[in-house]
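See structure below.
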Amino acid sequence: MSEQLAAAQAALVDALVGEAAVPDGFDAVRLATVRRALLRKRAGEAARAWPLLAAALGRRWPAAVAEHLDGVAPGGSLRDGWDVARALRARGALPSSAAGELAEREAGWRHDGTSAPTRRRLPAVRRGGGHLFVQVGGRTHRLGGRGA
Amino acid sequence: MQGTGVGWRPEIAGVVADLPGLGFCEVIAESVDPAAPPRGVVELRDRGVPVVPHGVRLSLGSADGLDRRRAEHLAACAAAVGAPLVSEHVSFTRVAGRDAGHLLPVPRTREALDVLVANVTTTQAELDVPLALEPIAALVDWPGEEFTEAEFLTRLLDRTGALLLLDVANVHANALNRGADPRAVLDALPLDRIAYVHVAGGSEHDGDAAAGDPGVYHDTHTDAVPDEVLALLGELCDRARPAAVMLERDGHYPPAAQLAAEVTSIARTAGFRDPRPTSPAV
């Protein structure tokens with residue numbers, strides 16, 4: 001339709017959610033404000049998809065999202081929260097209740113870390129937060145209490 | 001469609017259903033499966049409450065063209081809920097394989113106007129009902145713009161025949177963030193094209209003067225409606241009273257009584273009669 005305008009729009013998106021420089025003529029301070037606002041909005045949306053994770057982090061949730069997702073293209077609230085949960089688990093900072101939420105998701109869904117999560121077709125078992133999550137035929141069951 | 005409405009969201013479905021004298025509601029089009037619309041929305045429709053699908057990801061301003069499947073989905077949503085009209089934004093969210101996940105402004109230039117006209121016209125061809133277009137709250141402006149927002153919008157509506165969905169909170173936000181007088185903006189807008197009006201909450205963030213940041217007003221939809229926005233709704237009604245006005249809330253939902261009180265404030269400011277229970281009086 002309009003290649004020049006499409007390129008300019010792409011450059012604006014890259015500057016807001018990617019790592020690209022501020023395009024010529026834009027107010028850099030305002031763009032930085034928008035960038036922070038977008039991260040806050042993503043944190044709110046991801047909190048709805050990952051209620052236990054967001055609740056476990058409490059007031060630290062928006063900062064955790066900003067730390068892990070700044071510069072990462074938006075991938076939807078399911079994936080955004082998933083990436084934050086995995087990053088926290090990798091450094092041993094994932095609270096127990098959130099570990100259960102992550103294990104439940106990982107039993108039911110496959111997430112390669114780079115594209116949108118998809119439902120598993122085969123049964124899977126994951127352990128987290130003191131529970132065992134068994135997914136068969138698309139339904140995930142929680143087994144055992146603490147220490148199971 | 002007339003009276004006071006609310007943006008229907010699953011989290012507040014019960015509150016919305018219980019609001020006395022609900023005139024209409026809006027539902028986010030992307031959250032609707034036309035084959036199985038949310039039960040709460042179907043119940044409102046069956047009660048005779050008009051339901052308006054409101055698109056947020058059609059990206060009418062994308063310079064690399066429209067995703068026709070999304071336009072078809074919007075049309076299917078309208079048919080599924082028997083909508084009197086649908087609405088979308090003067091904005092782009094996607095381009096060239098990228099997704100900002102957010103409504104971004106298009107430059108107010110002839111080139112972008114042609115893009116919008118083409119995409120809006122294509123969308124209208126899919127729809128069996130009118131389309132209303134909503135100007136967004138934008139924190140940034142493009143360099144080299146050729147029109148004011150009112151000039152740009154008037155040309156867009158004239159060339160497409162689309163209606164106007166005016167968000168008074170967006171007018172407030174843009175005027176504040178651009179250092180303009182929101183009443184002068186109202187005077188310049190094509191108010192005779194209004195289909196309905198949005199009212200939403202937001203919050204002011206202090207800037208960092210040392211970094212040249214004067215602070216901004218964020219149109220969050222997660223805060224209470226500020227008095228200034230209600231006052232601007234009053235200013236709008238003094239100029240051209242809209243038939244339908246609604247509250248948009250997208251998170252940090254307040255208790256039911258508080259939400260209902262905001263809806264009542266909007267109805268009173270718009271000069272509508274106080275909402276009354278729909279059950280017949282004895």
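Going through the structure tokens in order, the chains are called A, B, and so on, while each chain numbers its residues from 1 and the ligands are numbered from 1 in the order shown.
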Set out as JSON lines a contact list for chain B and chain A with a cut-off of 8 Å, giving each residue of chain B that qualifies its closest atom pair and distance in Å to one decimal, counting only C-alpha atoms, ordered by chain and rising residue number.
```
{"residue": "B:Ser62", "atom": "CA", "partner": "A:Ala6", "partner_atom": "CA", "distance": 7.0}
{"residue": "B:Ala63", "atom": "CA", "partner": "A:Ala6", "partner_atom": "CA", "distance": 4.7}
{"residue": "B:Asp64", "atom": "CA", "partner": "A:Met1", "partner_atom": "CA", "distance": 5.4}
{"residue": "B:Gly65", "atom": "CA", "partner": "A:Met1", "partner_atom": "CA", "distance": 6.1}
{"residue": "B:Val95", "atom": "CA", "partner": "A:Ala10", "partner_atom": "CA", "distance": 5.9}
{"residue": "B:Ala96", "atom": "CA", "partner": "A:Ala10", "partner_atom": "CA", "distance": 6.4}
{"residue": "B:Arg98", "atom": "CA", "partner": "A:Ala10", "partner_atom": "CA", "distance": 7.0}
{"residue": "B:Asp99", "atom": "CA", "partner": "A:Pro74", "partner_atom": "CA", "distance": 6.9}
{"residue": "B:Ala100", "atom": "CA", "partner": "A:Val13", "partner_atom": "CA", "distance": 5.8}
{"residue": "B:Gly101", "atom": "CA", "partner": "A:Pro74", "partner_atom": "CA", "distance": 6.1}
{"residue": "B:His102", "atom": "CA", "partner": "A:Leu38", "partner_atom": "CA", "distance": 7.4}
{"residue": "B:Val106", "atom": "CA", "partner": "A:Gln9", "partner_atom": "CA", "distance": 8.0}
{"residue": "B:Glu111", "atom": "CA", "partner": "A:Leu5", "partner_atom": "CA", "distance": 7.6}
{"residue": "B:Ala112", "atom": "CA", "partner": "A:Leu5", "partner_atom": "CA", "distance": 7.4}
{"residue": "B:Val115", "atom": "CA", "partner": "A:Met1", "partner_atom": "CA", "distance": 7.1}
{"residue": "B:Leu139", "atom": "CA", "partner": "A:Arg30", "partner_atom": "CA", "distance": 6.5}
{"residue": "B:Val140", "atom": "CA", "partner": "A:Arg30", "partner_atom": "CA", "distance": 6.1}
{"residue": "B:Asp141", "atom": "CA", "partner": "A:Phe26", "partner_atom": "CA", "distance": 7.3}
{"residue": "B:Trp142", "atom": "CA", "partner": "A:Phe26", "partner_atom": "CA", "distance": 6.3}
{"residue": "B:Pro143", "atom": "CA", "partner": "A:Gly25", "partner_atom": "CA", "distance": 5.2}
{"residue": "B:Ala211", "atom": "CA", "partner": "A:Val29", "partner_atom": "CA", "distance": 7.7}
{"residue": "B:Gly212", "atom": "CA", "partner": "A:Val29", "partner_atom": "CA", "distance": 7.3}
{"residue": "B:Asp213", "atom": "CA", "partner": "A:Val29", "partner_atom": "CA", "distance": 6.2}
{"residue": "B:Gly251", "atom": "CA", "partner": "A:Gly44", "partner_atom": "CA", "distance": 8.0}
```
**Asked** If you count only C-alpha atoms, which residues fall within 7 Å of Leu60 (chain B), apart from same-chain ones fewer than 2 positions away, as a PyMOL selection string?
**Response** chain B and resi 58+62+66+90-92+116+119-120
**Complete:** What separates CA of Gly201 (chain B) and CA of Val263 (chain B) is a distance of 12.1 Å
**Which of region 104-244 of chain B fall in alpha helix (DSSP H), as a PyMOL selection string** = chain B and resi 110-126+149-160+168-178+182-188+227-239
**Asked** Hey, can you check how far CA of Ala78 (chain B) sits from CA of Leu133 (chain B)?
**Response**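 Interatomic distance here is 15.3 Å.
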Determine, counting only C-alpha atoms, which protein, DNA and RNA residues have an atom within 6 Å of an atom of Val136 (chain A); residues of the same chain fewer than 2 positions away are not included. Present the result as a PDB file with C-alpha atoms, in the first residue's frame.
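Produced file out21.pdb, reproduced below:
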```pdb
ATOM      1  CA  PRO A 123       0.104 -36.921  28.055  1.00  0.00           C
ATOM      2  CA  GLY A 138      -6.032 -32.265  27.448  1.00  0.00           C
ATOM      3  CA  ARG A 139      -7.171 -32.325  31.112  1.00  0.00           C
TER       4      ARG A 139
END
```
**Message:** With distances taken over only C-alpha atoms, which residue among A:Ala116, A:Ala55, A:Leu94, A:Ala21 lies nearest Gly128 (chain A)?
**Reply:**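 Checking each candidate against Gly128 (chain A), we get A:Leu94 as the closest.
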**Item:** Spatial neighbours of region 111-113 of chain A, max dist 10 Å, only C-alpha atoms, sep filter under 4 positions, as an MDAnalysis selection string
**Value:** chainID A and resid 79:80 82:83 86 105:106 117:120
**Request:** State, in Å with one decimal place, the distance from CA of Glu67 (chain A) to CA of Leu104 (chain B).
**Result:**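 That distance, rounded to one decimal, is 22.9 Å.
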